[in-house]
$ cat work-v6.txt   # compact mmCIF, C-alpha atoms and all ligand atoms
# COMPACT_ATOMS: atom_id res chain seq x y z
CA MET R 14 144.61 152.10 102.95
CA GLU R 15 140.96 151.18 103.20
CA ILE R 16 139.71 147.74 104.00
CA ASN R 17 136.72 146.13 102.32
CA LYS R 18 134.15 147.51 104.76
CA ASN R 19 131.50 145.16 103.44
CA TYR R 20 133.01 142.56 105.76
CA LYS R 21 131.59 144.60 108.66
CA ASN R 22 128.14 143.73 107.39
CA LEU R 23 128.68 139.98 107.75
CA GLU R 24 126.81 138.44 110.61
CA ALA R 25 128.92 136.22 112.84
CA SER R 26 127.83 132.63 112.41
CA TYR R 27 127.22 131.09 115.81
CA LEU R 28 125.14 128.18 114.53
CA PHE R 29 127.60 125.31 114.63
CA SER R 30 129.68 126.69 117.51
CA THR R 31 126.52 127.05 119.65
CA ILE R 32 125.50 123.50 118.78
CA ALA R 33 128.95 122.20 119.72
CA LYS R 34 128.89 124.14 123.01
CA LYS R 35 125.43 122.86 123.98
CA VAL R 36 126.34 119.26 123.14
CA LYS R 37 129.58 119.51 125.11
CA GLU R 38 127.79 120.89 128.17
CA PHE R 39 125.14 118.16 127.95
CA ALA R 40 127.76 115.41 127.61
CA GLU R 41 129.67 116.72 130.63
CA LYS R 42 126.51 116.72 132.77
CA ASN R 43 125.34 113.32 131.47
CA PRO R 44 128.43 111.18 130.93
CA ASP R 45 126.35 107.98 130.88
CA LYS R 46 124.19 109.08 127.95
CA LYS R 47 125.20 108.46 124.31
CA VAL R 48 124.58 111.41 122.03
CA ILE R 49 123.77 110.65 118.36
CA ARG R 50 124.57 113.35 115.81
CA LEU R 51 122.18 113.74 112.90
CA GLY R 52 123.18 117.30 112.21
CA ILE R 53 126.30 116.66 110.16
CA GLY R 54 126.51 117.96 106.62
CA ASP R 55 129.61 115.92 105.84
CA VAL R 56 129.61 112.43 104.38
CA THR R 57 130.91 109.54 106.48
CA ARG R 58 131.38 106.71 103.98
CA PRO R 59 134.88 106.32 102.49
CA LEU R 60 135.87 106.88 98.86
CA CYS R 61 134.85 104.00 96.64
CA LYS R 62 137.37 101.41 95.43
CA SER R 63 137.53 102.60 91.81
CA VAL R 64 138.43 106.13 92.92
CA VAL R 65 141.11 104.95 95.33
CA GLU R 66 142.67 102.68 92.68
CA ALA R 67 142.65 105.46 90.06
CA MET R 68 144.29 107.91 92.44
CA LYS R 69 146.95 105.38 93.49
CA LYS R 70 147.78 104.78 89.85
CA ALA R 71 148.01 108.51 89.24
CA VAL R 72 150.37 108.92 92.21
CA ASP R 73 152.65 106.28 90.70
CA GLU R 74 152.55 108.02 87.33
CA MET R 75 153.53 111.29 88.98
CA GLY R 76 156.72 109.64 90.25
CA THR R 77 157.96 108.89 86.74
CA PHE R 78 159.42 111.13 84.02
CA GLU R 79 156.89 109.87 81.48
CA GLY R 80 153.83 110.19 83.71
CA PHE R 81 154.68 113.39 85.60
CA HIS R 82 152.13 116.19 85.29
CA GLY R 83 152.98 119.77 86.20
CA TYR R 84 150.59 122.68 85.68
CA GLY R 85 147.52 121.34 83.92
CA PRO R 86 144.84 123.23 82.02
CA GLU R 87 143.21 125.58 84.56
CA GLN R 88 139.76 124.52 83.41
CA GLY R 89 140.51 120.79 83.78
CA TYR R 90 141.81 117.87 81.75
CA ASP R 91 139.83 116.73 78.72
CA PHE R 92 139.74 113.13 80.00
CA LEU R 93 137.52 114.28 82.90
CA LYS R 94 135.51 116.84 80.92
CA GLU R 95 134.69 114.15 78.34
CA LYS R 96 133.33 111.90 81.10
CA ILE R 97 131.18 114.75 82.45
CA GLN R 98 129.98 115.50 78.94
CA GLY R 99 128.87 111.84 78.71
CA TYR R 100 127.16 112.08 82.12
CA TYR R 101 125.09 115.02 80.85
CA LYS R 102 124.31 113.16 77.64
CA GLU R 103 122.54 110.53 79.77
CA LYS R 104 120.27 113.35 80.96
CA ASN R 105 119.71 114.34 77.31
CA VAL R 106 121.77 117.48 77.76
CA THR R 107 124.37 118.19 75.09
CA LEU R 108 127.36 120.19 76.24
CA LYS R 109 130.48 121.35 74.42
CA LEU R 110 133.69 120.38 76.17
CA ASP R 111 134.69 124.00 76.76
CA GLU R 112 131.43 124.74 78.53
CA ILE R 113 132.64 122.51 81.39
CA PHE R 114 135.08 123.88 83.99
CA ILE R 115 136.62 121.55 86.56
CA SER R 116 136.90 123.11 90.01
CA ASP R 117 138.00 122.29 93.53
CA GLY R 118 134.33 122.17 94.58
CA ALA R 119 131.07 124.01 94.27
CA LYS R 120 131.67 126.36 97.20
CA SER R 121 134.68 128.06 95.59
CA ASP R 122 132.97 128.50 92.24
CA LEU R 123 129.72 129.76 93.79
CA GLY R 124 131.74 132.49 95.47
CA ASN R 125 134.22 133.16 92.66
CA ILE R 126 131.62 133.45 89.89
CA LEU R 127 130.59 136.79 91.39
CA ASP R 128 133.84 138.24 89.96
CA ILE R 129 132.20 138.36 86.53
CA PHE R 130 129.11 140.30 87.69
CA SER R 131 128.71 143.95 88.57
CA LYS R 132 128.43 144.89 92.21
CA GLU R 133 125.45 147.02 91.21
CA ASN R 134 123.36 143.91 90.56
CA THR R 135 120.53 142.95 92.87
CA VAL R 136 120.52 139.30 93.94
CA LEU R 137 117.52 137.21 94.83
CA ILE R 138 118.25 134.47 97.35
CA PRO R 139 115.77 132.03 98.83
CA ASP R 140 115.24 132.06 102.59
CA PRO R 141 116.09 129.63 104.24
CA VAL R 142 119.35 129.01 102.42
CA TYR R 143 122.88 127.60 102.28
CA PRO R 144 124.64 130.61 103.90
CA VAL R 145 127.44 130.87 101.30
CA TYR R 146 125.18 132.67 98.78
CA VAL R 147 124.36 135.43 101.24
CA ASP R 148 127.83 135.95 102.68
CA THR R 149 129.68 135.99 99.34
CA ASN R 150 127.35 138.74 98.11
CA ILE R 151 127.63 140.73 101.33
CA MET R 152 131.43 140.60 100.96
CA GLN R 153 131.08 142.32 97.58
CA GLY R 154 128.43 144.79 98.75
CA ARG R 155 125.56 143.65 96.55
CA LYS R 156 121.93 144.38 97.38
CA ILE R 157 120.20 141.17 98.50
CA ILE R 158 116.49 140.48 98.45
CA PHE R 159 114.92 137.24 99.61
CA ALA R 160 112.51 134.83 97.97
CA GLN R 161 110.22 133.55 100.69
CA ALA R 162 110.33 129.78 101.02
CA ASN R 163 107.79 128.48 103.51
CA GLN R 164 105.34 125.74 104.37
CA GLU R 165 102.70 127.24 102.06
CA ASN R 166 104.89 126.83 98.96
CA ASN R 167 106.55 123.62 100.22
CA PHE R 168 109.79 125.60 100.49
CA LEU R 169 109.88 125.99 96.68
CA PRO R 170 109.34 129.69 95.94
CA LEU R 171 108.38 130.61 92.37
CA PRO R 172 109.21 133.78 90.46
CA ASN R 173 107.12 136.87 90.87
CA ASP R 174 106.95 139.42 88.06
CA ASP R 175 106.90 142.27 90.60
CA VAL R 176 110.32 141.25 91.90
CA LYS R 177 113.26 142.82 90.07
CA ALA R 178 116.55 141.02 90.39
CA ASP R 179 119.60 140.41 88.18
CA ILE R 180 121.02 137.26 89.73
CA VAL R 181 118.95 134.51 91.32
CA TYR R 182 120.15 131.50 93.27
CA ILE R 183 118.33 128.19 93.02
CA CYS R 184 119.44 125.08 94.90
CA SER R 185 117.63 121.86 94.04
CA PRO R 186 117.59 119.41 95.80
CA ASN R 187 117.84 122.06 98.44
CA ASN R 188 120.09 122.44 101.42
CA PRO R 189 118.67 122.81 104.07
CA THR R 190 115.09 121.90 103.10
CA GLY R 191 115.59 118.85 100.85
CA ALA R 192 112.85 120.23 98.58
CA VAL R 193 113.19 119.56 94.82
CA TYR R 194 111.80 121.61 91.93
CA ASN R 195 109.96 119.78 89.18
CA LYS R 196 110.40 120.65 85.50
CA GLU R 197 107.33 122.90 85.29
CA GLN R 198 108.47 124.93 88.29
CA LEU R 199 112.01 125.29 86.96
CA LYS R 200 110.62 126.32 83.58
CA LYS R 201 108.89 129.23 85.34
CA TRP R 202 112.23 130.40 86.71
CA VAL R 203 113.95 129.98 83.33
CA ASP R 204 111.23 131.96 81.54
CA TRP R 205 111.34 134.66 84.21
CA ALA R 206 115.14 134.95 83.95
CA ASN R 207 115.12 135.13 80.13
CA LYS R 208 112.37 137.74 80.19
CA ASN R 209 114.10 139.87 82.83
CA ASN R 210 117.66 139.60 81.50
CA ALA R 211 118.65 137.83 84.72
CA VAL R 212 121.08 135.00 85.42
CA ILE R 213 120.25 131.89 87.43
CA LEU R 214 123.06 130.44 89.52
CA TYR R 215 121.87 126.86 89.80
CA ASP R 216 123.38 124.78 92.59
CA ALA R 217 123.02 121.09 91.71
CA ALA R 218 125.36 119.79 94.43
CA TYR R 219 122.78 117.16 95.45
CA GLU R 220 121.53 116.12 91.99
CA CYS R 221 122.68 112.52 92.45
CA PHE R 222 120.09 111.98 95.18
CA ILE R 223 117.26 112.36 92.64
CA ASN R 224 115.99 109.00 91.45
CA ASP R 225 112.87 110.01 89.59
CA ASN R 226 113.42 110.56 85.86
CA ASN R 227 110.62 113.11 85.81
CA LEU R 228 112.53 115.40 88.14
CA PRO R 229 115.31 117.54 86.64
CA ARG R 230 118.87 116.76 87.72
CA SER R 231 120.24 119.65 85.69
CA ILE R 232 118.68 123.01 84.86
CA PHE R 233 119.82 122.42 81.27
CA GLU R 234 117.08 119.80 80.97
CA ILE R 235 114.78 122.83 80.82
CA GLU R 236 114.29 124.52 77.46
CA GLY R 237 115.75 128.01 77.39
CA ALA R 238 118.13 127.48 80.32
CA LYS R 239 121.29 127.85 78.23
CA THR R 240 120.63 131.54 77.72
CA CYS R 241 120.14 132.28 81.42
CA ALA R 242 121.80 129.72 83.70
CA ILE R 243 125.14 128.61 85.12
CA GLU R 244 125.19 125.24 86.88
CA PHE R 245 127.40 124.28 89.83
CA CYS R 246 128.06 120.63 90.58
CA SER R 247 130.11 118.81 93.14
CA LEU R 248 131.53 115.37 93.75
CA SER R 249 131.41 116.03 97.51
CA LYS R 250 128.11 114.36 98.28
CA THR R 251 127.98 112.37 95.03
CA ALA R 252 131.20 110.47 95.63
CA GLY R 253 132.48 111.43 99.07
CA PHE R 254 134.91 114.09 97.79
CA THR R 255 134.32 116.54 100.68
CA GLY R 256 137.97 116.18 101.68
CA THR R 257 139.36 115.31 98.25
CA ARG R 258 137.86 118.40 96.54
CA CYS R 259 136.51 118.29 93.02
CA GLY R 260 133.49 119.76 91.30
CA TYR R 261 132.51 121.25 87.96
CA THR R 262 130.69 124.29 86.68
CA VAL R 263 128.86 124.57 83.37
CA VAL R 264 128.84 127.96 81.67
CA PRO R 265 127.01 127.71 78.31
CA PHE R 266 128.34 129.53 75.23
CA GLU R 267 124.86 130.99 74.70
CA LEU R 268 125.17 133.17 77.82
CA GLU R 269 125.86 136.62 76.44
CA PHE R 270 125.26 139.99 78.05
CA ASP R 271 126.45 143.40 76.77
CA ASP R 272 128.18 141.60 73.88
CA MET R 273 130.32 139.69 76.35
CA SER R 274 130.38 135.92 76.65
CA LEU R 275 130.11 134.78 80.27
CA ASN R 276 131.94 131.60 79.26
CA LYS R 277 134.92 133.63 77.99
CA MET R 278 134.84 135.86 81.05
CA TRP R 279 134.83 132.85 83.39
CA LEU R 280 137.66 131.23 81.41
CA ARG R 281 139.67 134.43 81.76
CA ARG R 282 138.88 134.63 85.45
CA GLN R 283 139.88 131.03 86.08
CA THR R 284 143.06 131.10 84.00
CA THR R 285 144.10 134.26 85.86
CA LYS R 286 143.24 133.34 89.43
CA PHE R 287 143.14 129.50 89.55
CA ASN R 288 145.73 126.88 88.66
CA GLY R 289 143.49 123.86 88.36
CA VAL R 290 142.65 120.75 90.34
CA PRO R 291 145.48 118.26 90.99
CA TYR R 292 145.99 115.62 88.28
CA ILE R 293 145.67 112.86 90.90
CA VAL R 294 142.28 114.16 92.05
CA GLN R 295 141.03 114.54 88.47
CA ARG R 296 141.99 110.91 87.76
CA GLY R 297 139.99 109.93 90.87
CA ALA R 298 137.06 112.03 89.63
CA GLU R 299 137.30 110.38 86.21
CA ALA R 300 136.83 107.00 87.91
CA VAL R 301 133.57 108.24 89.48
CA PHE R 302 132.09 108.38 85.97
CA SER R 303 133.23 104.90 84.90
CA GLU R 304 130.60 102.15 84.86
CA GLN R 305 132.09 100.50 87.95
CA GLY R 306 132.54 103.86 89.70
CA GLN R 307 128.88 104.76 89.13
CA LYS R 308 127.83 101.41 90.58
CA GLU R 309 130.00 101.93 93.65
CA ILE R 310 128.92 105.49 94.39
CA LYS R 311 125.28 104.45 93.98
CA GLU R 312 125.77 101.93 96.79
CA ASN R 313 126.88 104.76 99.09
CA ILE R 314 124.07 107.08 98.00
CA ASP R 315 121.55 104.28 98.55
CA TYR R 316 123.02 103.73 102.00
CA TYR R 317 122.34 107.38 102.93
CA LYS R 318 118.92 107.22 101.33
CA LYS R 319 118.03 104.26 103.50
CA ASN R 320 118.78 106.46 106.51
CA ALA R 321 116.65 109.25 105.06
CA LYS R 322 113.76 106.81 104.70
CA ILE R 323 114.05 105.67 108.32
CA ILE R 324 113.87 109.30 109.42
CA ALA R 325 111.01 110.14 107.04
CA ASP R 326 109.00 107.07 108.15
CA THR R 327 109.31 108.03 111.80
CA LEU R 328 108.07 111.56 111.11
CA THR R 329 105.23 110.30 108.90
CA LYS R 330 104.11 107.93 111.67
CA HIS R 331 103.71 110.90 114.00
CA ASN R 332 102.18 113.26 111.42
CA VAL R 333 105.12 115.62 111.66
CA TRP R 334 105.21 117.90 108.59
CA PHE R 335 108.48 117.70 106.62
CA THR R 336 110.08 118.18 103.21
CA GLY R 337 113.02 116.27 101.72
CA GLY R 338 114.21 112.81 102.64
CA VAL R 339 113.32 111.22 99.30
CA HIS R 340 115.48 112.90 96.66
CA SER R 341 117.76 114.47 99.21
CA PRO R 342 119.96 113.57 102.17
CA TYR R 343 118.22 116.30 104.20
CA ILE R 344 114.98 116.16 106.11
CA TRP R 345 113.43 119.48 107.08
CA LEU R 346 110.72 119.15 109.70
CA LYS R 347 108.31 121.44 111.43
CA CYS R 348 109.10 121.46 115.13
CA PRO R 349 106.34 119.65 117.04
CA ASN R 350 104.18 121.49 119.60
CA ASN R 351 105.00 124.81 117.88
CA MET R 352 108.44 124.87 119.45
CA THR R 353 111.03 127.28 118.11
CA SER R 354 114.05 125.74 116.36
CA TRP R 355 116.28 126.12 119.41
CA GLU R 356 113.60 124.96 121.85
CA PHE R 357 113.27 121.77 119.79
CA PHE R 358 117.06 121.41 119.65
CA ASP R 359 117.26 121.50 123.45
CA PHE R 360 114.22 119.23 123.84
CA LEU R 361 115.59 116.62 121.42
CA LEU R 362 118.99 116.66 123.09
CA GLU R 363 117.49 116.42 126.58
CA LYS R 364 114.86 113.76 125.92
CA ALA R 365 116.43 111.66 123.14
CA GLN R 366 120.11 112.68 123.07
CA VAL R 367 119.84 113.32 119.34
CA VAL R 368 121.51 116.35 117.74
CA GLY R 369 120.18 118.13 114.66
CA THR R 370 120.47 121.62 113.21
CA PRO R 371 118.02 124.41 114.17
CA GLY R 372 116.34 125.76 111.03
CA ALA R 373 116.60 129.33 112.35
CA GLY R 374 120.32 129.14 111.54
CA PHE R 375 119.53 129.12 107.80
CA GLY R 376 117.42 132.28 107.68
CA LYS R 377 114.34 134.00 109.06
CA ASN R 378 111.93 131.50 107.49
CA GLY R 379 113.81 128.61 109.09
CA GLU R 380 112.43 129.54 112.52
CA GLY R 381 110.19 126.76 113.83
CA PHE R 382 111.89 124.18 111.57
CA PHE R 383 114.70 121.70 112.07
CA ARG R 384 117.17 119.87 109.78
CA LEU R 385 118.17 116.23 110.16
CA THR R 386 120.68 114.59 107.84
CA SER R 387 121.13 111.05 106.61
CA PHE R 388 124.93 111.07 106.53
CA GLY R 389 125.30 108.95 109.69
CA THR R 390 125.48 105.16 109.95
CA ASN R 391 122.40 102.94 109.48
CA GLU R 392 122.74 101.65 113.05
CA LEU R 393 122.92 105.06 114.71
CA THR R 394 120.17 106.52 112.52
CA LYS R 395 117.90 103.62 113.50
CA GLU R 396 118.71 104.07 117.17
CA ALA R 397 118.13 107.82 116.96
CA MET R 398 114.75 107.27 115.33
CA GLU R 399 113.70 104.74 117.96
CA ARG R 400 114.45 107.39 120.55
CA LEU R 401 112.61 110.05 118.53
CA ASP R 402 109.64 107.72 118.13
CA LYS R 403 109.43 107.26 121.91
CA MET R 404 109.86 110.96 122.54
CA LEU R 405 107.13 111.94 120.10
CA THR R 406 104.77 109.30 121.54
CA THR R 407 105.33 110.55 125.07
CA TYR R 408 105.46 114.32 124.63
CA CYS R 409 104.10 115.38 121.27
CA LYS R 410 100.66 113.96 120.65
N1 LIG N 1 126.20 123.80 97.68
C1 LIG N 1 125.44 123.34 98.69
C2 LIG N 1 123.99 123.58 98.66
C3 LIG N 1 126.02 122.66 99.76
O1 LIG N 1 125.26 122.22 100.76
C4 LIG N 1 127.41 122.46 99.77
C5 LIG N 1 128.08 121.77 100.86
O2 LIG N 1 127.56 121.41 101.88
C6 LIG N 1 128.15 122.97 98.70
C7 LIG N 1 127.52 123.63 97.67
C8 LIG N 1 129.64 122.86 98.70
O3 LIG N 1 130.10 121.82 97.98
P1 LIG N 1 131.65 121.55 97.77
O4 LIG N 1 132.07 120.60 98.84
O5 LIG N 1 131.73 120.99 96.40
O6 LIG N 1 132.37 122.84 97.88

$ encode --input "work-v6.txt" --output "structure tokens"
Amino acid sequence: MEINKNYKNLEASYLFSTIAKKVKEFAEKNPDKKVIRLGIGDVTRPLCKSVVEAMKKAVDEMGTFEGFHGYGPEQGYDFLKEKIQGYYKEKNVTLKLDEIFISDGAKSDLGNILDIFSKENTVLIPDPVYPVYVDTNIMQGRKIIFAQANQENNFLPLPNDDVKADIVYICSPNNPTGAVYNKEQLKKWVDWANKNNAVILYDAAYECFINDNNLPRSIFEIEGAKTCAIEFCSLSKTAGFTGTRCGYTVVPFELEFDDMSLNKMWLRRQTTKFNGVPYIVQRGAEAVFSEQGQKEIKENIDYYKKNAKIIADTLTKHNVWFTGGVHSPYIWLKCPNNMTSWEFFDFLLEKAQVVGTPGAGFGKNGEGFFRLTSFGTNELTKEAMERLDKMLTTYCK
């Protein structure tokens, strides 16, 4: 018996455990001080009314002979896929129903999709990055190269013809940087992928935070994307489904390599290894796409965006360089006074009792940067920014 030795190559992730330890120690030493957490990546607002009502109704159905649902289609019920098809139509993207696969979230599909690619492929991953892309490839032993995202390119690296890769990850709006690609920039990636016979794994988990029609919310808004891209979407941040679990992945029929259809391969993979998302959850997800549901989720997204603006305004006032915060719940700032990410973490905790996430935890290029999130309450975000304002005035001129 041999284990998968690739797991030995995974780096232990101490990021969030170190943060928790430091905060705990600080709180024990300073019981009178209130710590505000702006490091969380989870939503805090509850599910909207339409979703709750739809799920309650589905629960009742499940308790009757007529309305009971057992195993459903692994790739999702048509009632939900039709709604998603309509959602894409609003972005002028036409999808066939069987190009849409309902999942239990983007994280699973981002990892599982690697089943349909050879382990011999080279993957290109931006740095800094959502750590799942790196770890899932390490687990399968693929060669990883990094696309350098930095202050010079506003954390939006573009393709380079000298770089040879078979699979490339793009996340826009980005976690952790909040940076968003425009259509011209995405077109460069699409052209590069088509020319180099590569596949783009496009993570659109934060697309709902974009409110500028000129910015792409789907890679399929870009001409040529259907022959080179797979798109991963999630209701986690869109509709507060982080604990409810539902997402969807789009695999176009046009994606063909070595006479094999990636859509057919993914269907085979899913029908073999996945038994679908619960009926009750899919009914809740369906409600997200109703007119009322869209109105209700927008209220929550606007709530978080208001927080993002408060954070962004405070940084702008002090000339602190940052990306994100407009079309994203994340704000990625350059640590003042040339502090390292962890130095700034300690400084912010000590002087303002505000907790964020050190950028160094997201990759080499994250060093010297820091992530704040807008998923807290309006009140606490305001209070945290008042404290940050004072701190920057006093110590970081
Ligand atoms: N992709 C990115 C970039 C994320 O930041 C996250 C969650 O934080 C996910 C995917 C995971 O989404 P889901 O909850 O749908 O698995």

$ residues_near_ligand --input "work-v6.txt" --ligand "ligand LIG 1 (chain N)" --cutoff "10 Å" --atoms "all atoms listed in the file" --output "PyMOL selection string"
chain R and resi 53-56+116-124+142-146+183-189+191+215-219+245-251+253-261+343

$ atom_distance --input "work-v6.txt" --atom1 "atom CA of R:Ser63" --atom2 "atom CA of R:Arg296"
10.3 Å

$ residues_around --input "work-v6.txt" --residues "R:Trp205" --least-positions-apart "6" --cutoff "9 Å" --atoms "all atoms listed in the file" --output "list in words"
Pro172, Asn173, Asp174 and Ala211 of chain R

$ atom_distance --input "work-v6.txt" --atom1 "atom CA of R:Gln307" --atom2 "atom CA of R:Ala192"
24.2 Å

$ closest_residue --input "work-v6.txt" --among "R:Tyr182, R:Ala300, R:Gln161, R:Tyr194" --to "R:Ser231" --atoms "all atoms listed in the file"
R:Tyr194

$ atom_distance --input "work-v6.txt" --atom1 "atom CA of R:Gly381" --atom2 "atom CA of R:Phe29"
17.5 Å

$ closest_residue --input "work-v6.txt" --among "R:Phe130, R:Pro291, R:Glu197, R:Glu79" --to "R:Leu214" --atoms "all atoms listed in the file"
R:Phe130

$ residues_around --input "work-v6.txt" --residues "R:Glu392" --least-positions-apart "4" --cutoff "10 Å" --atoms "all atoms listed in the file" --output "ChimeraX atom specification"
/R:320,396-397

$ closest_residue --input "work-v6.txt" --among "R:Tyr292, R:Asn351, R:Gln198, R:Glu267" --to "R:Asn166" --atoms "all atoms listed in the file"
R:Gln198

$ axis_aligned_box --input "work-v6.txt" --around "stretch 39-56 of chain R" --padding-each-side "3 Å" --output "lines of an AutoDock Vina configuration file"
center_x = 125.9
center_y = 113.1
center_z = 118.6
size_x = 13.5
size_y = 16.2
size_z = 34.4

$ residues_around --input "work-v6.txt" --residues "R:Gln153" --least-positions-apart "3" --cutoff "8 Å" --atoms "all atoms listed in the file" --output "MDAnalysis selection string"
chainID R and resid 19 132 149:150

$ residues_near_point --input "work-v6.txt" --point "(121.1, 110.9, 117.0)" --cutoff "6 Å" --atoms "only C-alpha atoms" --output "number ranges by chain"
R: 49-51, 367-368, 397

$ residues_near_point --input "work-v6.txt" --point "(116.1, 134.9, 102.7)" --cutoff "8 Å" --atoms "only C-alpha atoms" --output "CSV table (one decimal) with C-alpha atoms, in the coordinates of the input"
chain,number,residue,atom,x,y,z
R,138,ILE,CA,118.2,134.5,97.4
R,139,PRO,CA,115.8,132.0,98.8
R,140,ASP,CA,115.2,132.1,102.6
R,141,PRO,CA,116.1,129.6,104.2
R,142,VAL,CA,119.4,129.0,102.4
R,158,ILE,CA,116.5,140.5,98.4
R,159,PHE,CA,114.9,137.2,99.6
R,160,ALA,CA,112.5,134.8,98.0
R,161,GLN,CA,110.2,133.6,100.7
R,162,ALA,CA,110.3,129.8,101.0
R,376,GLY,CA,117.4,132.3,107.7
R,377,LYS,CA,114.3,134.0,109.1
R,378,ASN,CA,111.9,131.5,107.5

$ closest_residue --input "work-v6.txt" --among "R:Lys177, R:Asn22, R:Asn276, R:Lys196" --to "R:Leu137" --atoms "all atoms listed in the file"
R:Lys177

$ closest_residue --input "work-v6.txt" --among "R:Leu280, R:Glu74, R:Gln164, R:Leu405" --to "R:Asn350" --atoms "all atoms listed in the file"
R:Leu405

$ closest_residue --input "work-v6.txt" --among "R:Thr336, R:Gln305, R:Asn17, R:Gln98" --to "R:Ile151" --atoms "all atoms listed in the file"
R:Asn17

$ residues_around --input "work-v6.txt" --residues "stretch 109-112 of chain R" --least-positions-apart "3" --cutoff "8 Å" --atoms "all atoms listed in the file" --output "list in words"
Asp91, Lys94, Glu95, Gln98, Val263, Val264, Pro265, Phe266 and Asn276 of chain R

$ residues_around --input "work-v6.txt" --residues "R:Gly85" --least-positions-apart "2" --cutoff "7 Å" --atoms "all atoms listed in the file" --output "list of chain:residue names"
R:Gly83, R:Glu87, R:Gly289

$ build_atoms --input "work-v6.txt" --residues "stretch 157-170 of chain R" --atoms "N, CA and C atoms" --output "short mmCIF file (atom, residue, chain, number, x, y, z; two decimals), keeping the file's coordinate frame"
data_model
loop_
_atom_site.label_atom_id
_atom_site.label_comp_id
_atom_site.auth_asym_id
_atom_site.auth_seq_id
_atom_site.Cartn_x
_atom_site.Cartn_y
_atom_site.Cartn_z
N ILE R 157 120.82 142.52 98.45
CA ILE R 157 120.20 141.17 98.50
C ILE R 157 118.72 141.31 98.83
N ILE R 158 117.89 140.61 98.05
CA ILE R 158 116.49 140.48 98.45
C ILE R 158 116.20 138.98 98.57
N PHE R 159 115.16 138.66 99.34
CA PHE R 159 114.92 137.24 99.61
C PHE R 159 113.63 136.73 98.98
N ALA R 160 113.70 135.52 98.45
CA ALA R 160 112.51 134.83 97.97
C ALA R 160 112.00 133.99 99.14
N GLN R 161 110.75 134.18 99.47
CA GLN R 161 110.22 133.55 100.69
C GLN R 161 109.87 132.09 100.45
N ALA R 162 110.64 131.21 101.07
CA ALA R 162 110.33 129.78 101.02
C ALA R 162 109.66 129.44 102.34
N ASN R 163 108.52 128.78 102.28
CA ASN R 163 107.79 128.48 103.51
C ASN R 163 106.89 127.26 103.32
N GLN R 164 106.17 126.94 104.39
CA GLN R 164 105.34 125.74 104.37
C GLN R 164 104.28 125.84 103.27
N GLU R 165 103.77 127.05 103.05
CA GLU R 165 102.70 127.24 102.06
C GLU R 165 103.17 126.85 100.66
N ASN R 166 104.41 127.21 100.30
CA ASN R 166 104.89 126.83 98.96
C ASN R 166 105.83 125.61 99.00
N ASN R 167 105.71 124.82 100.05
CA ASN R 167 106.55 123.62 100.22
C ASN R 167 108.03 123.93 100.11
N PHE R 168 108.39 125.13 100.52
CA PHE R 168 109.79 125.60 100.49
C PHE R 168 110.35 125.63 99.06
N LEU R 169 109.46 125.85 98.09
CA LEU R 169 109.88 125.99 96.68
C LEU R 169 109.29 127.28 96.12
N PRO R 170 109.90 128.43 96.44
CA PRO R 170 109.34 129.69 95.94
C PRO R 170 109.41 129.76 94.42
#
